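All remarks here apply to the structure that follows.
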Amino acid sequence: MHPSPNVPDRLFEDPAAETRWRERFTAPRMSLPGWADDAPDRTLYVSNASGVWEIYAWDRAKDEHRKVTDRPNGTSHATLNPDGTEIWWFDDHDGDEFGVWVREPFNADGSKAEPAVPDVTPGYPAGLEIGRNVTAVAASTDDGTTVWLSRNGKSEVLYQHVNDAGVSALSKDESLVVIAHSEHGDNRHMALRALNAENGETVAEKWDGKGKGLDAVSFSPVRGDQRLLVVHERRGREELLIWDVAADTEREIVLDLPGEVAADWYPDASGLLIVHTHHARNTVHRYDLATGVLSALDTAPGVIGSAGVRPDGTVEYSWSSAEKSTVIRALATDGTERVLVEPQGAKPATSEKLEDVFVGDVHALISKPSGEGPFPTVFLIHGGPHSSDEDRFSAYRAVWLDAGFATVHVNYRGSSGYGSKWRDAIEGRPGLTELEDIAAVHDWAVQSGLTDPSKSVLSGASWGGYLTLLGIGVQPERWTVGIAGVPVADYFAAYEDEMEPLRAFDRALFGGSPEDLPDLYKECSPLTYVDQVTAPVLILAGENDPRCPIRQIDNYLDALAGRGHAYEMYRYDAGHGSLVVAETMRQTAAEVDFARRHLAK
């Protein structure tokens, strides 16, 4: 039996501090509501109002909200059909991400959810596009990816390949389906193919070559307009182009903005709503397609979680900063702004600001508790690896600050938002490359007086959990405590057991499979360095995780146990993380308590 961690009833002696950290987690929150194309008053969002993240429907015309799903481990993926009469949500088993799409009426009538598309076999979701008469859905299994096209109650296979792929877009006239594929062998840099929805024949292809991916955003919202908005990286960062699929011509959208951009259409296709990312913060703009004029919209400094344009031109978006919790806002065309909607019982929460630090080319974000340093410090390493830490609110970060820890986020090489070269710099040497950047920031933190080197905690989840276990083995002199959530611990066993899309990702990242490159996988596997670990270790893992499966974690813990090393293991009955608020709080309490206990020794 693996030793289990202590989960304290209270983290703080001060009642106000205890109340504050719990309210940050339990206060009702919601995502930006998304609406049906032809019925924009019918919307869906995800909320934790019940204590579990579930799907909610909001009829804006009646101002009525209802909870749609009610599952022990929560639900996170849902959408509406074009006329808003049906809610589609992904039905997996206990967080294992393997299942099928189901549907039920928007208006509660006692009907149970039923399989949404006939003759589609279960798998990992790989894209869904719902039209008025045609639906394209994709699923991945160990045998590869299959795309089905459903029409008139019948489904036929449109595309099938052993390599990773997915459905990306459906034209509004439902004549074209665009898939992203990795037939060239690299699912980190996809190619696009447009297929005729009637016969499956290829209409057009687009691939920018090795190391330059394409991402289809959506077709023009105007019926009959077969222009597709695409993200490309031809100049070493994510930018935009519009591909007229039928004519097979394109127009690049060149913007005078640093950093990278994402976008979507205005409802009449006259412009693009641009969300610009630079140094962990966002700005929002409208780009007029006729004049080429880029206009900034008035949003506060911070992070835009998501954004969309209503039929009347109102921009609705979710916003937060490190200091202020998430709020859903609406910006009208006349410049007036208001809070759009809040779940009942929602309370604003606050925390400390994040400060920017640049160590060479590495961007880090730090936050300090009250008092004078040097502080015990937790290095909170993000997952992905193609993700980034941003100036957004985090109840998790806030509890560490309340506990007296400084926090450090490192946007290491491999992170997104800093250009293609930075993101792809870990190819051929993953894990070890990121640790070099984390070490450089750790050196800065100690030398600047922020961090007490004898009280340095390395912590992360998913890829961040992998880097934590690798870090405490490769850099044992730096880290006093290691806390790893849902990590890769034994790369060989992880590769054998993980979902196929992640095996494809690993092959692209390493340059081959473990069979092809056994020495490289061994060099980059935490299990290789387990005998060098000196820090006590806490690992948290889901029994049903398809991304970082449990067997390979047990292999690592057995190796620690074999040498009598101090560790604790927190197992929970879900997948790659939990959507249950109380469970998330228990894990957070266990982590903070583990760090405190071992730093006090």
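Following the order of the structure tokens, chains are lettered A, B, ..., residues in each are numbered from 1, and ligands are numbered from 1.
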
Just want the 10 Å neighbourhood of region 537-544 of chain A, counted on only C-alpha atoms, with same-chain residues fewer than 3 positions away dropped. Output as JSON, numbers by chain. {"A": [3, 4, 5, 93, 94, 95, 96, 97, 458, 459, 461, 462, 465, 468, 469, 472, 480, 481, 482, 483, 484, 485, 486, 487, 489, 533, 534, 547, 548, 549, 550, 551, 553, 554, 557, 560, 565, 566, 567, 568, 569, 570, 571, 572, 573, 574, 575, 576, 577, 578, 587, 590, 591, 594, 595, 598]}

Output file for the selection above: C-alpha atoms, as a PDB file, in the first residue's frame:
```pdb
ATOM      1  CA  PRO A   3       1.230   5.944   2.087  1.00  0.00           C
ATOM      2  CA  SER A   4      -1.692   8.378   1.794  1.00  0.00           C
ATOM      3  CA  PRO A   5      -1.281  12.095   2.487  1.00  0.00           C
ATOM      4  CA  HIS A  93     -17.041   7.146 -18.044  1.00  0.00           C
ATOM      5  CA  ASP A  94     -15.693   8.589 -14.780  1.00  0.00           C
ATOM      6  CA  GLY A  95     -13.428  11.078 -16.514  1.00  0.00           C
ATOM      7  CA  ASP A  96     -11.684   8.613 -18.835  1.00  0.00           C
ATOM      8  CA  GLU A  97     -12.511  10.811 -21.901  1.00  0.00           C
ATOM      9  CA  LEU A 458       8.662  22.190  -7.282  1.00  0.00           C
ATOM     10  CA  SER A 459       5.032  21.527  -8.183  1.00  0.00           C
ATOM     11  CA  ALA A 461       0.282  18.825 -12.932  1.00  0.00           C
ATOM     12  CA  SER A 462       0.234  16.839 -16.172  1.00  0.00           C
ATOM     13  CA  GLY A 465       3.911  16.979 -12.953  1.00  0.00           C
ATOM     14  CA  THR A 468       8.415  18.049 -11.308  1.00  0.00           C
ATOM     15  CA  LEU A 469       9.417  14.381 -11.085  1.00  0.00           C
ATOM     16  CA  ILE A 472      13.710  16.456  -8.421  1.00  0.00           C
ATOM     17  CA  THR A 480      13.269  20.659  -1.002  1.00  0.00           C
ATOM     18  CA  VAL A 481       9.851  19.198  -1.817  1.00  0.00           C
ATOM     19  CA  GLY A 482       8.265  17.776  -4.983  1.00  0.00           C
ATOM     20  CA  ILE A 483       4.494  17.726  -5.628  1.00  0.00           C
ATOM     21  CA  ALA A 484       3.392  16.113  -8.893  1.00  0.00           C
ATOM     22  CA  GLY A 485      -0.213  15.873 -10.119  1.00  0.00           C
ATOM     23  CA  VAL A 486      -1.171  13.359 -12.846  1.00  0.00           C
ATOM     24  CA  PRO A 487       2.453  13.124 -14.075  1.00  0.00           C
ATOM     25  CA  ALA A 489       6.692   9.151 -14.268  1.00  0.00           C
ATOM     26  CA  VAL A 533      15.799  12.018  -5.607  1.00  0.00           C
ATOM     27  CA  THR A 534      16.349  13.555  -2.158  1.00  0.00           C
ATOM     28  CA  ARG A 547      -3.273  10.744 -20.531  1.00  0.00           C
ATOM     29  CA  CYS A 548      -0.937   9.858 -17.661  1.00  0.00           C
ATOM     30  CA  PRO A 549      -2.104   6.347 -16.742  1.00  0.00           C
ATOM     31  CA  ILE A 550      -1.837   4.983 -13.230  1.00  0.00           C
ATOM     32  CA  ARG A 551       0.410   1.939 -13.883  1.00  0.00           C
ATOM     33  CA  ILE A 553       3.017   6.114 -11.696  1.00  0.00           C
ATOM     34  CA  ASP A 554       2.901   2.984  -9.546  1.00  0.00           C
ATOM     35  CA  LEU A 557       6.446   4.831  -6.521  1.00  0.00           C
ATOM     36  CA  LEU A 560      10.928   5.022  -4.399  1.00  0.00           C
ATOM     37  CA  HIS A 565      12.394   7.092   0.198  1.00  0.00           C
ATOM     38  CA  ALA A 566       9.729   9.346   1.749  1.00  0.00           C
ATOM     39  CA  TYR A 567       6.669   9.751  -0.434  1.00  0.00           C
ATOM     40  CA  GLU A 568       2.874   9.914  -0.258  1.00  0.00           C
ATOM     41  CA  MET A 569       0.273   9.011  -2.886  1.00  0.00           C
ATOM     42  CA  TYR A 570      -3.186  10.594  -3.332  1.00  0.00           C
ATOM     43  CA  ARG A 571      -5.421   8.487  -5.582  1.00  0.00           C
ATOM     44  CA  TYR A 572      -8.875   9.615  -6.682  1.00  0.00           C
ATOM     45  CA  ASP A 573     -11.625   8.084  -8.785  1.00  0.00           C
ATOM     46  CA  ALA A 574     -11.583  10.274 -11.889  1.00  0.00           C
ATOM     47  CA  GLY A 575      -9.408  10.993 -14.891  1.00  0.00           C
ATOM     48  CA  HIS A 576      -6.855  13.678 -15.747  1.00  0.00           C
ATOM     49  CA  GLY A 577      -7.995  16.014 -12.963  1.00  0.00           C
ATOM     50  CA  SER A 578     -11.299  16.453 -11.172  1.00  0.00           C
ATOM     51  CA  GLN A 587      -6.158  17.838  -3.126  1.00  0.00           C
ATOM     52  CA  ALA A 590      -3.145  17.895   0.930  1.00  0.00           C
ATOM     53  CA  GLU A 591      -0.520  19.647  -1.205  1.00  0.00           C
ATOM     54  CA  PHE A 594       2.563  18.232   2.619  1.00  0.00           C
ATOM     55  CA  ALA A 595       4.837  21.161   1.792  1.00  0.00           C
ATOM     56  CA  HIS A 598       8.309  18.743   5.202  1.00  0.00           C
TER      57      HIS A 598
END
```

Applying 12 Å and only C-alpha atoms, which residues near Cys524 (chain A) remain after dropping the ones on its own chain fewer than 2 positions away? List them as a ChimeraX atom specification. /A:426-435,466-467,469-471,473-474,488-492,506,509-510,514,517-522,526-529

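Distances from A:Ala535, A:Ala216, A:Leu158, A:Met190 to Glu477 (chain A) were compared using only C-alpha atoms, and the smallest one belongs to A:Ala535.
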
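Of the listed residues A:Leu599, A:Ala346, A:Val52, A:Ala165, the one whose atoms come nearest to Phe375 (chain A) is A:Leu599, with distances taken using only C-alpha atoms.
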
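In the backbone-derived DSSP annotation, strand (DSSP E or B) within region 500-601 of chain A comprises Val537, Leu538, Ile539, Leu540, Ala541, Gly542, Tyr567, Glu568, Met569, Tyr570, Arg571, Tyr572, Gly575, Gly577 and Val580 of chain A.
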
Residues near Pro82 (chain A), anyone? I mean within 8 Å using only C-alpha atoms, not counting same-chain ones fewer than 5 positions away, as a PyMOL selection string. chain A and resi 36-39+130-132

Within 10 Å of Val177 (chain A), counting only C-alpha atoms, which residues qualify if same-chain residues fewer than 5 places away don't, as a ChimeraX atom specification? /A:129,134-136,149,158,167-171,193-198,200,202-203,219

Go ahead and dump the residues you just picked, N, CA, C and O atoms, as an mmCIF file, in the first residue's frame.
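Output file part11.cif is given in full below:
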```
data_model
loop_
_atom_site.group_PDB
_atom_site.id
_atom_site.type_symbol
_atom_site.label_atom_id
_atom_site.label_comp_id
_atom_site.auth_asym_id
_atom_site.auth_seq_id
_atom_site.Cartn_x
_atom_site.Cartn_y
_atom_site.Cartn_z
ATOM 1 N N GLU A 129 -18.941 18.950 -35.696
ATOM 2 C CA GLU A 129 -19.531 20.077 -36.393
ATOM 3 C C GLU A 129 -20.981 19.709 -36.716
ATOM 4 O O GLU A 129 -21.232 18.752 -37.463
ATOM 5 N N VAL A 134 -26.582 18.172 -41.851
ATOM 6 C CA VAL A 134 -25.396 17.321 -41.894
ATOM 7 C C VAL A 134 -24.619 17.497 -40.593
ATOM 8 O O VAL A 134 -24.483 18.618 -40.083
ATOM 9 N N THR A 135 -24.114 16.398 -40.064
ATOM 10 C CA THR A 135 -23.243 16.444 -38.894
ATOM 11 C C THR A 135 -21.974 15.670 -39.199
ATOM 12 O O THR A 135 -22.024 14.555 -39.739
ATOM 13 N N ALA A 136 -20.828 16.266 -38.865
ATOM 14 C CA ALA A 136 -19.534 15.595 -38.984
ATOM 15 C C ALA A 136 -18.982 15.391 -37.582
ATOM 16 O O ALA A 136 -18.923 16.334 -36.794
ATOM 17 N N LEU A 149 -19.871 11.127 -41.367
ATOM 18 C CA LEU A 149 -20.810 12.149 -41.800
ATOM 19 C C LEU A 149 -22.211 11.575 -41.643
ATOM 20 O O LEU A 149 -22.507 10.483 -42.157
ATOM 21 N N LEU A 158 -16.487 9.062 -43.548
ATOM 22 C CA LEU A 158 -15.997 10.043 -44.516
ATOM 23 C C LEU A 158 -14.486 9.971 -44.666
ATOM 24 O O LEU A 158 -13.936 10.209 -45.745
ATOM 25 N N VAL A 167 -12.102 16.512 -37.025
ATOM 26 C CA VAL A 167 -12.980 17.436 -37.737
ATOM 27 C C VAL A 167 -12.707 18.849 -37.259
ATOM 28 O O VAL A 167 -12.662 19.102 -36.050
ATOM 29 N N SER A 168 -12.543 19.783 -38.182
ATOM 30 C CA SER A 168 -12.239 21.162 -37.827
ATOM 31 C C SER A 168 -13.334 22.157 -38.179
ATOM 32 O O SER A 168 -13.537 23.132 -37.456
ATOM 33 N N ALA A 169 -14.028 21.976 -39.303
ATOM 34 C CA ALA A 169 -14.999 22.994 -39.737
ATOM 35 C C ALA A 169 -15.980 22.395 -40.726
ATOM 36 O O ALA A 169 -15.659 21.455 -41.466
ATOM 37 N N LEU A 170 -17.181 22.990 -40.751
ATOM 38 C CA LEU A 170 -18.236 22.652 -41.695
ATOM 39 C C LEU A 170 -18.761 23.951 -42.277
ATOM 40 O O LEU A 170 -19.130 24.865 -41.529
ATOM 41 N N SER A 171 -18.778 24.054 -43.612
ATOM 42 C CA SER A 171 -19.271 25.288 -44.226
ATOM 43 C C SER A 171 -20.754 25.465 -43.925
ATOM 44 O O SER A 171 -21.484 24.505 -43.702
ATOM 45 N N ARG A 193 -7.416 19.527 -44.961
ATOM 46 C CA ARG A 193 -7.986 18.985 -46.191
ATOM 47 C C ARG A 193 -9.475 19.297 -46.202
ATOM 48 O O ARG A 193 -10.182 19.030 -45.221
ATOM 49 N N ALA A 194 -9.949 19.852 -47.313
ATOM 50 C CA ALA A 194 -11.373 20.120 -47.493
ATOM 51 C C ALA A 194 -11.979 18.997 -48.318
ATOM 52 O O ALA A 194 -11.479 18.662 -49.396
ATOM 53 N N LEU A 195 -13.061 18.406 -47.813
ATOM 54 C CA LEU A 195 -13.723 17.288 -48.465
ATOM 55 C C LEU A 195 -15.131 17.682 -48.899
ATOM 56 O O LEU A 195 -15.812 18.454 -48.206
ATOM 57 N N ASN A 196 -15.546 17.139 -50.017
ATOM 58 C CA ASN A 196 -16.920 17.305 -50.471
ATOM 59 C C ASN A 196 -17.833 16.476 -49.570
ATOM 60 O O ASN A 196 -17.648 15.259 -49.441
ATOM 61 N N ALA A 197 -18.814 17.124 -48.940
ATOM 62 C CA ALA A 197 -19.677 16.425 -47.992
ATOM 63 C C ALA A 197 -20.605 15.423 -48.671
ATOM 64 O O ALA A 197 -21.151 14.543 -48.001
ATOM 65 N N GLU A 198 -20.785 15.516 -49.975
ATOM 66 C CA GLU A 198 -21.656 14.583 -50.674
ATOM 67 C C GLU A 198 -20.966 13.263 -50.976
ATOM 68 O O GLU A 198 -21.542 12.194 -50.808
ATOM 69 N N GLY A 200 -17.250 12.759 -50.319
ATOM 70 C CA GLY A 200 -15.990 12.552 -49.612
ATOM 71 C C GLY A 200 -14.748 12.844 -50.417
ATOM 72 O O GLY A 200 -13.625 12.650 -49.932
ATOM 73 N N THR A 202 -11.717 14.890 -52.205
ATOM 74 C CA THR A 202 -10.915 16.043 -51.805
ATOM 75 C C THR A 202 -11.181 17.224 -52.728
ATOM 76 O O THR A 202 -11.118 17.099 -53.961
ATOM 77 N N VAL A 203 -11.476 18.369 -52.130
ATOM 78 C CA VAL A 203 -11.705 19.608 -52.871
ATOM 79 C C VAL A 203 -10.444 20.452 -52.913
ATOM 80 O O VAL A 203 -10.101 21.041 -53.931
ATOM 81 N N PHE A 219 -15.587 28.423 -40.727
ATOM 82 C CA PHE A 219 -16.015 29.034 -41.974
ATOM 83 C C PHE A 219 -16.740 30.345 -41.682
ATOM 84 O O PHE A 219 -17.243 30.578 -40.575
#
```

DSSP on the backbone, then: every residue of region 438-500 of chain A marked helix (DSSP H, G or I), written as a PyMOL selection string. chain A and resi 438-447+463-474+491-497+500

Can you list every residue of region 350-448 of chain A that has an atom at most 12 Å from region 254-273 of chain A, with its nearest atom pair and the distance in Å to one decimal, using only C-alpha atoms, ordered by chain then number, as CSV?
```
residue,atom,partner,partner_atom,distance
A:Ser416,CA,A:Glu260,CA,9.0
A:Gly417,CA,A:Glu260,CA,5.9
A:Tyr418,CA,A:Gly259,CA,6.3
A:Gly419,CA,A:Gly259,CA,7.1
A:Ser420,CA,A:Glu260,CA,9.8
A:Trp422,CA,A:Gly259,CA,11.8
```

Polymer residues at most 9 Å from Ser150 (chain A), only C-alpha atoms, same-chain spacing of 3 or more positions, as a ChimeraX atom specification: /A:117-118,133-137,153-157

Output of the above residues as a short mmCIF file (atom, residue, chain, number, x, y, z; two decimals), in the first residue's frame, restricted to N, CA, C and O atoms:
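Contents of part.cif, freshly written:
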```cif
data_model
loop_
_atom_site.label_atom_id
_atom_site.label_comp_id
_atom_site.auth_asym_id
_atom_site.auth_seq_id
_atom_site.Cartn_x
_atom_site.Cartn_y
_atom_site.Cartn_z
N VAL A 117 -25.51 10.56 -32.71
CA VAL A 117 -25.22 10.22 -34.10
C VAL A 117 -25.26 8.70 -34.25
O VAL A 117 -24.53 8.00 -33.54
N PRO A 118 -26.08 8.18 -35.13
CA PRO A 118 -26.18 6.72 -35.27
C PRO A 118 -24.91 6.11 -35.85
O PRO A 118 -24.20 6.74 -36.63
N ASN A 133 -28.58 20.00 -41.58
CA ASN A 133 -28.92 18.71 -42.17
C ASN A 133 -27.79 17.70 -42.12
O ASN A 133 -28.02 16.51 -42.33
N VAL A 134 -26.58 18.17 -41.85
CA VAL A 134 -25.40 17.32 -41.89
C VAL A 134 -24.62 17.50 -40.59
O VAL A 134 -24.48 18.62 -40.08
N THR A 135 -24.11 16.40 -40.06
CA THR A 135 -23.24 16.44 -38.89
C THR A 135 -21.97 15.67 -39.20
O THR A 135 -22.02 14.55 -39.74
N ALA A 136 -20.83 16.27 -38.86
CA ALA A 136 -19.53 15.60 -38.98
C ALA A 136 -18.98 15.39 -37.58
O ALA A 136 -18.92 16.33 -36.79
N VAL A 137 -18.59 14.16 -37.27
CA VAL A 137 -18.08 13.85 -35.94
C VAL A 137 -16.89 12.92 -36.09
O VAL A 137 -16.86 12.06 -36.98
N GLY A 153 -30.46 10.57 -40.64
CA GLY A 153 -30.49 9.44 -39.73
C GLY A 153 -29.53 8.32 -40.05
O GLY A 153 -29.56 7.26 -39.40
N LYS A 154 -28.65 8.52 -41.02
CA LYS A 154 -27.66 7.51 -41.38
C LYS A 154 -26.27 8.12 -41.35
O LYS A 154 -26.07 9.28 -41.71
N SER A 155 -25.32 7.31 -40.93
CA SER A 155 -23.93 7.77 -40.85
C SER A 155 -23.04 6.92 -41.73
O SER A 155 -23.20 5.69 -41.80
N GLU A 156 -22.12 7.58 -42.41
CA GLU A 156 -21.14 6.90 -43.24
C GLU A 156 -19.75 7.41 -42.90
O GLU A 156 -19.58 8.57 -42.51
N VAL A 157 -18.76 6.54 -43.05
CA VAL A 157 -17.38 6.95 -42.80
C VAL A 157 -16.92 7.87 -43.92
O VAL A 157 -16.97 7.50 -45.11
#
```

Mind running region 251-366 of chain A against region 10-30 of chain A at 12 Å and telling me each contacting residue's nearest atom pair with the distance in Å (one decimal), counting only C-alpha atoms, chain and number ascending, as CSV?
```
residue,atom,partner,partner_atom,distance
A:Gly305,CA,A:Met30,CA,11.3
A:Ser306,CA,A:Met30,CA,11.9
A:Tyr317,CA,A:Met30,CA,11.7
A:Ser318,CA,A:Met30,CA,9.1
A:Trp319,CA,A:Met30,CA,11.3
A:Ser320,CA,A:Arg29,CA,11.8
A:Lys324,CA,A:Arg24,CA,10.7
A:Ser325,CA,A:Arg24,CA,8.5
A:Thr326,CA,A:Arg29,CA,7.5
A:Val327,CA,A:Arg29,CA,8.3
A:Ile328,CA,A:Met30,CA,8.1
A:Arg329,CA,A:Met30,CA,11.9
A:Leu340,CA,A:Met30,CA,11.5
A:Val341,CA,A:Met30,CA,9.1
A:Glu342,CA,A:Met30,CA,7.4
A:Pro343,CA,A:Pro28,CA,6.0
A:Gln344,CA,A:Pro28,CA,7.1
A:Gly345,CA,A:Pro28,CA,6.3
A:Ala346,CA,A:Pro28,CA,4.9
A:Lys347,CA,A:Ala27,CA,5.9
A:Pro348,CA,A:Ala27,CA,8.2
A:Ala349,CA,A:Arg24,CA,6.1
A:Thr350,CA,A:Arg24,CA,8.4
A:Ser351,CA,A:Arg24,CA,9.6
```

What is the distance between CA of Ile381 (chain A) and CA of Arg478 (chain A), in Å to one decimal? 14.8 Å

Counting only C-alpha atoms, what is within 6 Å of region 312-315 of chain A, bar same-chain residues fewer than 4 positions away, as a PyMOL selection string? chain A and resi 308+330-333

If you count only C-alpha atoms, which residues fall within 8 Å of Arg392 (chain A), apart from same-chain ones fewer than 4 positions away, as a ChimeraX atom specification? /A:302-303,320-323,325

Go ahead and write the selection's residues with C-alpha atoms as a PDB file, in the first residue's frame.
```
ATOM      1  CA  GLY A 302      -5.674  40.901 -17.756  1.00  0.00           C
ATOM      2  CA  VAL A 303      -6.672  37.723 -19.577  1.00  0.00           C
ATOM      3  CA  SER A 320      -9.933  37.926 -15.017  1.00  0.00           C
ATOM      4  CA  SER A 321      -6.576  39.027 -13.648  1.00  0.00           C
ATOM      5  CA  ALA A 322      -4.353  37.646 -10.911  1.00  0.00           C
ATOM      6  CA  GLU A 323      -5.951  40.178  -8.555  1.00  0.00           C
ATOM      7  CA  SER A 325     -11.742  36.654 -10.185  1.00  0.00           C
TER       8      SER A 325
END
```

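Here CA of Ser220 (chain A) and CA of Pro501 (chain A) stand 28.8 Å from one another.
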